[in-house]
$ cat coords-v3.cif   # mmCIF, C-alpha atoms
data_my_file
#
loop_
_atom_site.label_atom_id
_atom_site.label_comp_id
_atom_site.auth_asym_id
_atom_site.auth_seq_id
_atom_site.Cartn_x
_atom_site.Cartn_y
_atom_site.Cartn_z
CA MET W 1 79.06 -67.33 144.37
CA LYS W 2 82.61 -68.09 143.22
CA LEU W 3 83.19 -66.34 139.92
CA LEU W 4 85.17 -69.10 138.24
CA ALA W 5 82.35 -71.55 138.99
CA PHE W 6 79.88 -68.99 137.63
CA LEU W 7 81.77 -68.75 134.33
CA ARG W 8 81.93 -72.52 134.00
CA GLN W 9 78.22 -72.95 134.60
CA LEU W 10 77.46 -70.13 132.19
CA SER W 11 79.55 -71.86 129.51
CA GLU W 12 77.72 -75.14 130.03
CA ILE W 13 74.34 -73.43 129.76
CA SER W 14 75.50 -71.63 126.61
CA ILE W 15 76.42 -74.89 124.87
CA GLU W 16 73.14 -76.57 125.79
CA LEU W 17 71.11 -73.54 124.79
CA HIS W 18 72.75 -73.24 121.37
CA GLN W 19 72.07 -76.91 120.68
CA LYS W 20 68.42 -76.49 121.61
CA GLU W 21 67.66 -73.10 120.06
CA PRO W 22 70.27 -71.51 117.76
CA GLN W 23 68.10 -68.38 117.52
CA TYR W 24 67.87 -67.95 121.30
CA TRP W 25 69.01 -64.31 121.12
CA GLU W 26 65.58 -63.37 119.74
CA TYR W 27 64.04 -64.66 122.96
CA LEU W 28 66.61 -63.69 125.58
CA GLY W 29 68.29 -60.61 124.09
CA PHE W 30 71.90 -61.54 124.90
CA HIS W 31 74.65 -64.11 124.38
CA PRO W 32 76.09 -65.87 127.48
CA TYR W 33 79.64 -65.41 126.20
CA ILE W 34 81.86 -62.65 124.87
CA GLN W 35 84.10 -62.91 121.83
CA ASP W 36 87.79 -62.97 122.75
CA THR W 37 88.55 -60.15 120.33
CA ASP W 38 85.92 -57.94 121.98
CA LYS W 39 87.04 -58.82 125.50
CA ILE W 40 90.70 -58.07 124.84
CA LEU W 41 89.79 -54.72 123.27
CA MET W 42 87.69 -53.71 126.27
CA LEU W 43 90.40 -54.71 128.73
CA LYS W 44 93.08 -52.88 126.75
CA ARG W 45 90.83 -49.83 126.80
CA GLY W 46 91.09 -49.86 130.59
CA TYR W 47 87.89 -51.66 131.59
CA TRP W 48 89.44 -54.20 133.96
CA SER W 49 86.89 -52.85 136.48
CA THR W 50 84.15 -54.74 134.62
CA PHE W 51 83.98 -58.53 134.94
CA PHE W 52 82.92 -59.63 131.44
CA TRP W 53 80.68 -62.67 130.92
CA GLY W 54 78.33 -62.00 127.99
CA SER W 55 77.47 -59.85 124.99
CA ILE W 56 74.54 -58.15 123.31
CA VAL W 57 75.90 -58.29 119.76
CA GLN W 58 79.43 -58.36 118.39
CA GLY W 59 81.34 -55.42 119.80
CA GLU W 60 78.91 -54.90 122.70
CA GLY W 61 80.07 -56.73 125.82
CA VAL W 62 78.09 -57.50 128.96
CA GLY W 63 79.73 -57.60 132.35
CA SER W 64 79.36 -56.78 136.02
CA ARG W 65 80.84 -53.47 137.15
CA ILE W 66 83.05 -54.24 140.13
CA PHE W 67 82.01 -52.45 143.31
CA PRO W 68 84.93 -53.74 145.37
CA ASN W 69 83.34 -53.53 148.81
CA LEU W 70 80.27 -55.50 147.63
CA HIS W 71 79.72 -59.09 146.54
CA PHE W 72 79.25 -60.11 142.90
CA GLU W 73 75.49 -60.53 143.39
CA GLU W 74 75.29 -56.80 144.18
CA TRP W 75 77.28 -55.53 141.19
CA SER W 76 75.40 -53.74 138.42
CA VAL W 77 75.41 -55.19 134.90
CA GLN W 78 76.94 -53.04 132.18
CA GLN W 79 76.80 -52.83 128.40
CA ASN W 80 80.26 -51.97 127.11
CA SER W 81 81.57 -51.08 123.65
CA GLY W 82 85.19 -50.56 124.67
CA ASP W 83 84.83 -46.78 124.60
CA THR W 84 81.92 -46.44 127.02
CA SER W 85 79.90 -48.40 129.56
CA PHE W 86 76.28 -48.03 130.66
CA THR W 87 74.27 -49.60 133.47
CA ILE W 88 71.60 -51.89 132.00
CA SER W 89 70.63 -53.78 135.15
CA PRO W 90 71.04 -52.99 138.85
CA SER W 91 72.19 -56.55 139.59
CA PRO W 92 72.72 -59.93 137.90
CA ASN W 93 69.43 -61.28 139.21
CA ALA W 94 67.53 -58.49 137.40
CA PHE W 95 69.54 -58.80 134.18
CA LEU W 96 67.32 -61.15 132.17
CA ALA W 97 64.28 -59.17 133.22
CA SER W 98 65.91 -55.96 132.01
CA ARG W 99 66.72 -57.58 128.66
CA GLN W 100 63.09 -58.72 128.33
CA GLY W 101 62.06 -55.17 129.06
CA ARG W 102 64.17 -53.94 126.16
CA ILE W 103 62.57 -56.51 123.83
CA LEU W 104 59.08 -55.53 125.01
CA PHE W 105 59.61 -51.99 123.73
CA TRP W 106 59.29 -53.31 120.19
CA GLU W 107 55.58 -53.25 119.31
CA GLU W 108 55.63 -56.50 117.31
CA CYS W 109 57.57 -58.30 120.07
CA PHE W 110 55.07 -57.12 122.67
CA GLU W 111 52.22 -58.51 120.56
CA ASN W 112 54.00 -61.88 120.30
CA VAL W 113 54.61 -62.23 124.03
CA SER W 114 51.56 -64.38 124.75
CA LYS W 115 52.55 -66.83 122.00
CA ASN W 116 56.18 -67.18 123.04
CA TRP W 117 56.34 -66.46 126.77
CA SER W 118 56.31 -70.07 127.97
CA TYR W 119 59.07 -71.03 125.53
CA THR W 120 61.07 -67.92 126.40
CA LYS W 121 60.83 -68.77 130.09
CA GLU W 122 61.91 -72.34 129.31
CA LEU W 123 65.01 -71.02 127.55
CA ALA W 124 65.67 -68.54 130.34
CA SER W 125 65.16 -71.02 133.16
CA PRO W 126 68.81 -72.14 133.55
CA PHE W 127 69.98 -68.52 133.66
CA LEU W 128 67.25 -67.56 136.11
CA SER W 129 68.42 -70.34 138.40
CA LEU W 130 72.09 -69.40 138.04
CA LEU W 131 71.44 -65.69 138.55
CA ASP W 132 68.62 -66.07 141.09
CA GLY W 133 66.41 -64.10 138.74
CA ASN W 134 62.94 -65.61 139.14
CA ALA W 135 61.49 -62.81 141.28
CA ALA W 136 62.45 -60.09 138.79
CA TRP W 137 61.23 -62.27 135.91
CA ASP W 138 57.79 -62.63 137.52
CA LEU W 139 57.50 -58.85 137.73
CA VAL W 140 58.27 -58.56 134.04
CA GLU W 141 55.70 -61.25 133.21
CA SER W 142 52.95 -59.26 134.92
CA TYR W 143 54.06 -56.18 132.98
CA ALA W 144 54.20 -58.00 129.65
CA PHE W 145 50.67 -59.35 129.85
CA ASP W 146 49.09 -55.99 130.62
CA LEU W 147 47.92 -54.55 127.30
CA ASN W 148 48.03 -51.04 128.78
CA ASN W 149 51.81 -51.36 128.56
CA LYS W 150 51.88 -51.97 124.81
CA PRO W 151 54.36 -49.54 123.19
CA HIS W 152 53.33 -47.12 120.46
CA GLY W 153 55.70 -48.02 117.64
CA ASP W 154 59.32 -49.00 118.22
CA SER W 155 60.81 -45.68 119.34
CA LEU W 156 61.96 -45.40 122.93
CA TYR W 157 61.72 -41.64 122.50
CA ASP W 158 57.96 -42.00 122.05
CA ASN W 159 57.63 -44.41 124.95
CA GLN W 160 59.57 -42.73 127.74
CA GLU W 161 56.69 -42.99 130.20
CA LEU W 162 56.38 -46.74 129.58
CA TYR W 163 60.12 -47.12 129.95
CA ARG W 164 60.03 -45.27 133.27
CA MET W 165 57.07 -47.36 134.46
CA PHE W 166 58.86 -50.59 133.58
CA TRP W 167 62.02 -49.59 135.44
CA ASN W 168 60.10 -48.44 138.49
CA ILE W 169 58.65 -51.96 138.68
CA LEU W 170 62.06 -53.56 138.21
CA ASP W 171 64.09 -51.39 140.62
CA THR W 172 62.55 -49.93 143.79
CA SER W 173 65.84 -48.79 145.34
CA HIS W 174 66.41 -45.30 146.74
CA GLY W 175 69.08 -44.51 144.17
CA HIS W 176 66.84 -45.48 141.27
CA SER W 177 64.03 -43.29 142.61
CA VAL W 178 66.43 -40.34 142.88
CA LEU W 179 67.57 -40.93 139.28
CA ARG W 180 64.07 -41.03 137.77
CA ASN W 181 62.83 -38.05 139.78
CA LEU W 182 65.90 -36.06 138.75
CA ILE W 183 65.29 -36.76 135.06
CA ASP W 184 61.59 -35.89 135.44
CA ASN W 185 62.49 -32.59 137.11
CA LEU W 186 64.86 -31.75 134.28
CA TRP W 187 62.18 -32.47 131.69
CA GLN W 188 59.75 -30.20 133.52
CA ASP W 189 62.32 -27.43 133.97
CA PHE W 190 65.33 -27.41 131.62
CA GLU W 191 67.13 -24.98 133.96
CA TYR W 192 66.59 -27.09 137.08
CA LEU W 193 69.48 -27.57 139.50
CA PRO W 194 68.92 -28.86 143.04
CA ILE W 195 70.30 -27.00 146.03
CA ALA W 196 72.89 -29.68 146.73
CA VAL W 197 74.26 -32.96 145.43
CA PRO W 198 72.02 -35.85 146.65
CA GLU W 199 73.34 -37.74 149.64
CA GLY W 200 72.70 -41.19 151.06
CA ASN W 201 73.24 -44.58 149.47
CA LEU W 202 72.56 -44.10 145.76
CA GLY W 203 73.83 -47.59 144.92
CA CYS W 204 74.79 -48.40 141.35
CA TRP W 205 73.00 -45.27 140.11
CA GLU W 206 75.33 -42.86 141.93
CA THR W 207 77.62 -42.42 138.93
CA ARG W 208 74.82 -41.65 136.49
CA ILE W 209 73.07 -39.29 138.93
CA LYS W 210 76.23 -37.29 139.60
CA ASN W 211 77.18 -37.26 135.92
CA ILE W 212 73.74 -35.88 135.04
CA LEU W 213 74.08 -33.15 137.66
CA MET W 214 77.62 -32.35 136.49
CA ALA W 215 76.42 -31.96 132.90
CA GLN W 216 73.39 -29.91 133.95
CA ALA W 217 75.41 -27.59 136.19
CA GLU W 218 77.84 -26.89 133.34
CA LYS W 219 75.03 -26.41 130.81
CA GLU W 220 73.26 -23.84 132.97
CA SER W 221 76.43 -22.34 134.48
CA GLU W 222 75.63 -18.85 133.17
CA LEU W 223 72.62 -18.78 135.51
CA TYR W 224 74.57 -19.58 138.66
CA GLU W 225 77.60 -18.35 140.58
CA VAL W 226 80.78 -20.41 140.44
CA GLU W 227 80.31 -21.41 144.10
CA ARG W 228 76.98 -23.03 143.18
CA VAL W 229 78.24 -24.82 140.07
CA VAL W 230 81.60 -26.21 141.17
CA PRO W 231 80.37 -28.70 143.82
CA PHE W 232 78.27 -30.48 141.17
CA LEU W 233 81.17 -30.53 138.72
CA MET W 234 83.56 -31.92 141.31
CA ALA W 235 81.07 -34.55 142.52
CA GLY W 236 80.69 -35.81 138.96
CA PHE W 237 84.40 -35.64 138.22
CA MET W 238 85.16 -37.82 141.27
CA GLN W 239 83.03 -40.65 139.89
CA PRO W 240 84.90 -43.36 137.95
CA HIS W 241 85.37 -42.13 134.40
CA GLY W 242 84.18 -44.38 131.60
CA TYR W 243 80.88 -45.28 133.29
CA ASP W 244 77.41 -43.82 132.62
CA PRO W 245 78.46 -40.54 130.96
CA GLU W 246 75.77 -37.92 130.42
CA GLU W 247 75.42 -34.62 128.61
CA GLY W 248 73.03 -31.83 129.45
CA ALA W 249 71.64 -31.26 125.97
CA HIS W 250 70.23 -34.75 125.25
CA LEU W 251 68.87 -36.23 128.45
CA PHE W 252 66.39 -39.11 128.43
CA HIS W 253 65.36 -41.83 130.85
CA PHE W 254 67.21 -44.41 128.78
CA PRO W 255 71.00 -44.11 128.41
CA ASN W 256 72.77 -42.63 125.40
CA PHE W 257 74.91 -45.57 124.29
CA SER W 258 76.86 -43.44 121.80
CA LEU W 259 78.25 -41.04 124.43
CA THR W 260 81.75 -41.38 125.92
CA SER W 261 83.25 -39.81 129.02
CA THR W 262 85.86 -38.13 126.83
CA ASN W 263 83.11 -36.17 125.08
CA SER W 264 80.83 -35.62 128.08
CA LEU W 265 83.69 -34.21 130.18
CA SER W 266 84.94 -31.85 127.46
CA PRO W 267 82.61 -28.91 128.29
CA VAL W 268 83.17 -29.49 132.02
CA LEU W 269 86.92 -29.27 131.58
CA SER W 270 86.51 -26.11 129.51
CA TYR W 271 84.54 -24.60 132.39
CA PHE W 272 87.28 -25.60 134.83
CA GLN W 273 89.89 -23.98 132.60
CA TYR W 274 87.96 -20.72 132.18
CA HIS W 275 87.01 -20.34 135.85
CA GLU W 276 90.05 -21.83 137.58
CA SER W 277 91.00 -18.58 139.30
CA GLU W 278 87.54 -18.39 140.90
CA PHE W 279 87.60 -21.88 142.42
CA PRO W 280 87.38 -22.18 146.21
CA ALA W 281 90.68 -23.27 147.74
CA THR W 282 89.08 -26.46 149.07
CA PHE W 283 88.63 -27.71 145.52
CA LYS W 284 92.05 -26.60 144.31
CA ASP W 285 93.59 -28.54 147.18
CA ASP W 286 91.82 -31.76 146.26
CA LEU W 287 94.16 -34.56 145.22
CA GLN W 288 92.38 -35.03 141.90
CA PHE W 289 92.57 -31.38 140.91
CA LYS W 290 95.99 -32.17 139.46
CA ALA W 291 94.23 -34.57 137.10
CA ILE W 292 91.83 -31.82 136.10
CA LYS W 293 94.79 -29.58 135.29
CA GLN W 294 96.28 -32.27 133.04
CA LEU W 295 92.98 -32.84 131.25
CA MET W 296 92.27 -29.17 130.53
CA GLY W 297 92.52 -28.01 126.95
CA THR W 298 93.77 -30.77 124.63
CA GLY W 299 95.16 -32.78 127.53
CA ARG W 300 92.21 -35.16 127.39
CA LEU W 301 93.56 -36.47 124.08
CA THR W 302 97.00 -37.37 125.49
CA TYR W 303 96.46 -37.94 129.22
CA CYS W 304 97.63 -41.36 130.46
CA GLY W 305 96.18 -41.27 133.97
CA THR W 306 99.35 -40.42 135.93
CA GLU W 307 97.74 -37.85 138.21
CA HIS W 308 94.77 -40.09 138.95
CA TYR W 309 97.18 -42.91 139.77
CA GLN W 310 99.17 -40.71 142.15
CA ALA W 311 95.94 -39.56 143.76
CA ALA W 312 94.95 -43.21 144.25
CA LEU W 313 98.19 -43.96 146.08
CA GLU W 314 97.74 -40.96 148.36
CA LEU W 315 94.08 -41.74 149.02
CA GLU W 316 94.94 -45.29 149.98
CA ALA W 317 97.63 -44.00 152.34
CA GLN W 318 95.01 -41.73 153.92
CA GLY W 319 92.74 -44.70 154.63
CA LYS W 320 90.27 -43.96 151.80
CA PRO W 321 90.29 -47.21 149.81
CA LEU W 322 87.04 -46.68 147.88
CA GLU W 323 88.16 -43.24 146.73
CA ALA W 324 91.49 -44.82 145.76
CA TRP W 325 89.62 -47.46 143.72
CA ASN W 326 87.63 -44.80 141.86
CA ALA W 327 90.82 -42.90 141.04
CA LEU W 328 92.45 -46.08 139.66
CA VAL W 329 89.41 -46.77 137.47
CA SER W 330 89.56 -43.22 136.09
CA ALA W 331 93.31 -43.52 135.53
CA SER W 332 92.82 -46.63 133.42
CA TYR W 333 89.97 -45.13 131.45
CA TRP W 334 92.23 -42.34 130.19
CA ALA W 335 95.24 -44.61 129.72
CA GLY W 336 93.10 -47.03 127.73
CA VAL W 337 91.22 -44.56 125.57
CA ASN W 338 94.44 -42.68 124.72
CA GLY W 339 96.47 -45.79 123.93
CA TYR W 340 98.75 -46.47 126.92
CA PRO W 341 98.22 -50.20 127.64
CA GLU W 342 101.31 -50.44 129.86
CA GLU W 343 99.77 -47.82 132.16
CA VAL W 344 96.50 -49.78 132.21
CA ASP W 345 98.48 -52.82 133.37
CA LYS W 346 100.07 -50.80 136.20
CA HIS W 347 96.71 -49.47 137.40
CA TRP W 348 95.20 -52.97 137.21
CA GLN W 349 97.97 -54.45 139.33
CA GLN W 350 97.57 -51.68 141.90
CA ALA W 351 93.84 -52.44 142.05
CA ILE W 352 94.59 -56.12 142.69
CA ASP W 353 96.94 -55.13 145.49
CA LEU W 354 94.33 -52.79 146.97
CA CYS W 355 91.67 -55.52 146.93
CA GLU W 356 94.03 -57.95 148.64
CA LYS W 357 94.84 -55.46 151.39
CA GLN W 358 91.16 -54.64 151.95
CA ASN W 359 90.04 -58.28 151.80
CA TRP W 360 87.64 -57.48 148.96
CA THR W 361 87.39 -61.13 147.95
CA ASP W 362 84.97 -61.07 145.01
CA ALA W 363 86.67 -58.05 143.46
CA HIS W 364 90.07 -59.68 143.91
CA GLU W 365 88.87 -62.87 142.23
CA ALA W 366 87.37 -60.96 139.31
CA LEU W 367 90.52 -58.90 138.76
CA THR W 368 92.90 -61.85 138.99
CA LEU W 369 90.78 -64.15 136.79
CA GLN W 370 90.69 -61.55 134.03
CA TRP W 371 94.35 -60.69 134.51
CA GLU W 372 95.31 -64.35 134.02
CA TRP W 373 93.21 -64.53 130.85
CA TYR W 374 94.58 -61.20 129.62
CA SER W 375 98.19 -62.20 130.31
CA ASN W 376 97.81 -65.45 128.34
CA TYR W 377 96.12 -63.84 125.35
CA PRO W 378 98.30 -64.09 122.23
CA LYS W 379 100.33 -60.89 122.00
CA ASP W 380 100.39 -60.81 118.21
CA GLU W 381 96.61 -60.60 117.86
#
$ encode --input "coords-v3.cif" --output "structure tokens"
Amino acid sequence: MKLLAFLRQLSEISIELHQKEPQYWEYLGFHPYIQDTDKILMLKRGYWSTFFWGSIVQGEGVGSRIFPNLHFEEWSVQQNSGDTSFTISPSPNAFLASRQGRILFWEECFENVSKNWSYTKELASPFLSLLDGNAAWDLVESYAFDLNNKPHGDSLYDNQELYRMFWNILDTSHGHSVLRNLIDNLWQDFEYLPIAVPEGNLGCWETRIKNILMAQAEKESELYEVERVVPFLMAGFMQPHGYDPEEGAHLFHFPNFSLTSTNSLSPVLSYFQYHESEFPATFKDDLQFKAIKQLMGTGRLTYCGTEHYQAALELEAQGKPLEAWNALVSASYWAGVNGYPEEVDKHWQQAIDLCEKQNWTDAHEALTLQWEWYSNYPKDE
């Protein structure tokens, strides 16, 4: 799917939908557009690595996280506030189903499903066709009409098992299974830490899995030797900052939308600072360890991503383009959150160049489309 054509079709559907049902949000749970003021804020904050195309409410954007070596149809869908970004769907074709799932965790909404489902599906139909979402929608329909799945009140905290059940229906991937089993293990044993970082294709859930393990390893670090803790911390630190942050003290199956990477990484960086002399040489020699050094202490409040950017250039030269991409994303997160928009621009342009060299066509289109929009946005606003 060409992304410019996707945006145009989405805009046409949005206009028709608003004319037909001004209150469509109550049925679908999202808006098929994003306010310009929200989009520019999120891009200035360094989130050029998300291709924005919708919103939940004002200030909460929806977009596809760019996995440069994959096609748009395989990118996860994110909810973004400008300061943080969380995975809310494993792919565009599961997005509307995931939004229905969120609505169904309100007791009154669940009770009204049978009265409104046909109309909701009618409103959703154009999006389901555009996003190829009918299969995921059918799974949600079978869930919604099973009274055993009725939530108890409107608190996700009281309905974690239902939430887990819903997501296991929606996403049967290996990475998702690893994520849910990891969270279950941590609920059964608050001191749990696996022997090693999970391997294999974890898909869009890799970042959240490794961030959970990073937070858990730091939280329980007094129980383990440095050699056991550091691999988990480094695996999490190497993930693109700004996406799916986690903290060890408040872990649930659903994401914590109020948490930022700046805050979640703070205790990890303190651990690095305190135990630096004990680190194995293999970790101290890593290209991104220079970034860790800059972020230690109060550096996270002033860091503009320079060391991540330099690491990206070196990784690309070494023939590691995906690692280079991740370093560029992290560089822009820190440049954006700490107020260095000119550095964000530099990282963005380097990412465009990287995509062109690697023939990552969908990623290149997404980056250049948003760059053109961003460049033409009025500078005085």
$ closest_residue --input "coords-v3.cif" --among "W:Leu7, W:Met214, W:Leu96, W:Met165" --to "Tyr271 (chain W)" --atoms "only C-alpha atoms"
W:Met214
$ resolve_selection --input "coords-v3.cif" --expression "the PyMOL selection byres ((chain W and resi 105) around 9)" --output "list in words"
Gln100, Gly101, Arg102, Ile103, Leu104, Trp106, Glu107, Glu108, Cys109, Phe110, Lys150, Pro151, His152, Gly153, Asp154, Ser155, Leu156, Asn159, Leu162 and Tyr163 of chain W
$ resolve_selection --input "coords-v3.cif" --expression "the PyMOL selection byres ((chain W and resi 289-291) around 10)" --output "NGL selection string"
:W and (234 or 237-238 or 272 or 283-288 or 292-296 or 299-300 or 303 or 305-311 or 327 or 330-331)
$ closest_residue --input "coords-v3.cif" --among "W:Glu246, W:Leu123, W:Gly82, W:Ala94" --to "Asp171 (chain W)" --atoms "all atoms listed in the file"
W:Ala94
$ closest_residue --input "coords-v3.cif" --among "W:Ala235, W:Val344, W:Ile169, W:Leu193" --to "Lys219 (chain W)" --atoms "all atoms listed in the file"
W:Leu193
$ residues_near_point --input "coords-v3.cif" --point "(95.2, -48.9, 130.6)" --cutoff "10 Å" --atoms "only C-alpha atoms" --output "PyMOL selection string"
chain W and resi 42-48+304-305+328-348
$ resolve_selection --input "coords-v3.cif" --expression "the PyMOL selection byres ((chain W and resi 74-78) around 12)" --output "number ranges by chain"
W: 1, 47, 49-56, 60-73, 79-82, 84-99, 131-132, 171, 203-207, 242-244, 255, 257, 362-363, 366
$ write_last_selection --input "coords-v3.cif" --atoms "C-alpha atoms" --output "compact mmCIF listing (two decimals), in the frame of the given file"
# COMPACT_ATOMS: atom_id res chain seq x y z
CA MET W 1 79.06 -67.33 144.37
CA TYR W 47 87.89 -51.66 131.59
CA SER W 49 86.89 -52.85 136.48
CA THR W 50 84.15 -54.74 134.62
CA PHE W 51 83.98 -58.53 134.94
CA PHE W 52 82.92 -59.63 131.44
CA TRP W 53 80.68 -62.67 130.92
CA GLY W 54 78.33 -62.00 127.99
CA SER W 55 77.47 -59.85 124.99
CA ILE W 56 74.54 -58.15 123.31
CA GLU W 60 78.91 -54.90 122.70
CA GLY W 61 80.07 -56.73 125.82
CA VAL W 62 78.09 -57.50 128.96
CA GLY W 63 79.73 -57.60 132.35
CA SER W 64 79.36 -56.78 136.02
CA ARG W 65 80.84 -53.47 137.15
CA ILE W 66 83.05 -54.24 140.13
CA PHE W 67 82.01 -52.45 143.31
CA PRO W 68 84.93 -53.74 145.37
CA ASN W 69 83.34 -53.53 148.81
CA LEU W 70 80.27 -55.50 147.63
CA HIS W 71 79.72 -59.09 146.54
CA PHE W 72 79.25 -60.11 142.90
CA GLU W 73 75.49 -60.53 143.39
CA GLN W 79 76.80 -52.83 128.40
CA ASN W 80 80.26 -51.97 127.11
CA SER W 81 81.57 -51.08 123.65
CA GLY W 82 85.19 -50.56 124.67
CA THR W 84 81.92 -46.44 127.02
CA SER W 85 79.90 -48.40 129.56
CA PHE W 86 76.28 -48.03 130.66
CA THR W 87 74.27 -49.60 133.47
CA ILE W 88 71.60 -51.89 132.00
CA SER W 89 70.63 -53.78 135.15
CA PRO W 90 71.04 -52.99 138.85
CA SER W 91 72.19 -56.55 139.59
CA PRO W 92 72.72 -59.93 137.90
CA ASN W 93 69.43 -61.28 139.21
CA ALA W 94 67.53 -58.49 137.40
CA PHE W 95 69.54 -58.80 134.18
CA LEU W 96 67.32 -61.15 132.17
CA ALA W 97 64.28 -59.17 133.22
CA SER W 98 65.91 -55.96 132.01
CA ARG W 99 66.72 -57.58 128.66
CA LEU W 131 71.44 -65.69 138.55
CA ASP W 132 68.62 -66.07 141.09
CA ASP W 171 64.09 -51.39 140.62
CA GLY W 203 73.83 -47.59 144.92
CA CYS W 204 74.79 -48.40 141.35
CA TRP W 205 73.00 -45.27 140.11
CA GLU W 206 75.33 -42.86 141.93
CA THR W 207 77.62 -42.42 138.93
CA GLY W 242 84.18 -44.38 131.60
CA TYR W 243 80.88 -45.28 133.29
CA ASP W 244 77.41 -43.82 132.62
CA PRO W 255 71.00 -44.11 128.41
CA PHE W 257 74.91 -45.57 124.29
CA ASP W 362 84.97 -61.07 145.01
CA ALA W 363 86.67 -58.05 143.46
CA ALA W 366 87.37 -60.96 139.31
$ atom_distance --input "coords-v3.cif" --atom1 "CA of Trp187 (chain W)" --atom2 "CA of Glu161 (chain W)"
12.0 Å
$ closest_residue --input "coords-v3.cif" --among "W:Leu301, W:Val229, W:Leu202, W:Ile13" --to "Thr262 (chain W)" --atoms "all atoms listed in the file"
W:Leu301
$ residues_around --input "coords-v3.cif" --residues "Glu247 (chain W)" --least-positions-apart "6" --cutoff "12 Å" --atoms "all atoms listed in the file" --output "ChimeraX atom specification"
/W:208-220,236,255-268
$ atom_distance --input "coords-v3.cif" --atom1 "CA of Leu313 (chain W)" --atom2 "CA of Ala351 (chain W)"
10.3 Å
$ atom_distance --input "coords-v3.cif" --atom1 "CA of Asn116 (chain W)" --atom2 "CA of Leu128 (chain W)"
17.1 Å
$ residues_near_point --input "coords-v3.cif" --point "(59.9, -73.5, 124.4)" --cutoff "12 Å" --atoms "only C-alpha atoms" --output "PyMOL selection string"
chain W and resi 17+20-21+23-24+27-28+115-125
$ axis_aligned_box --input "coords-v3.cif" --around "region 321-337 of chain W" --padding-each-side "3 Å" --output "lines of an AutoDock Vina configuration file"
center_x = 91.1
center_y = -44.9
center_z = 137.7
size_x = 14.2
size_y = 11.1
size_z = 30.2
$ residues_around --input "coords-v3.cif" --residues "Pro378 (chain W)" --least-positions-apart "3" --cutoff "12 Å" --atoms "only C-alpha atoms" --output "MDAnalysis selection string"
chainID W and resid 36:37 40 373:375 381
$ decode --input "coords-v3.cif" --residues "region 209-227 of chain W" --atoms "C-alpha atoms" --output "PDB file, in the first residue's frame"
ATOM      1  CA  ILE W 209       9.692  -7.215  26.570  1.00  0.00           C
ATOM      2  CA  LYS W 210      13.263  -5.972  26.868  1.00  0.00           C
ATOM      3  CA  ASN W 211      12.185  -2.810  28.688  1.00  0.00           C
ATOM      4  CA  ILE W 212      10.278  -4.932  31.222  1.00  0.00           C
ATOM      5  CA  LEU W 213      13.314  -7.129  31.780  1.00  0.00           C
ATOM      6  CA  MET W 214      15.584  -4.084  32.062  1.00  0.00           C
ATOM      7  CA  ALA W 215      13.321  -2.567  34.722  1.00  0.00           C
ATOM      8  CA  GLN W 216      12.988  -5.870  36.579  1.00  0.00           C
ATOM      9  CA  ALA W 217      16.730  -6.553  36.557  1.00  0.00           C
ATOM     10  CA  GLU W 218      17.406  -3.106  38.025  1.00  0.00           C
ATOM     11  CA  LYS W 219      14.632  -3.438  40.608  1.00  0.00           C
ATOM     12  CA  GLU W 220      15.958  -6.761  41.892  1.00  0.00           C
ATOM     13  CA  SER W 221      19.646  -5.956  41.327  1.00  0.00           C
ATOM     14  CA  GLU W 222      20.520  -6.459  45.001  1.00  0.00           C
ATOM     15  CA  LEU W 223      19.657 -10.149  44.587  1.00  0.00           C
ATOM     16  CA  TYR W 224      21.975 -10.752  41.651  1.00  0.00           C
ATOM     17  CA  GLU W 225      25.601 -10.263  40.676  1.00  0.00           C
ATOM     18  CA  VAL W 226      26.460  -7.476  38.262  1.00  0.00           C
ATOM     19  CA  GLU W 227      27.288 -10.044  35.560  1.00  0.00           C
TER      20      GLU W 227
END
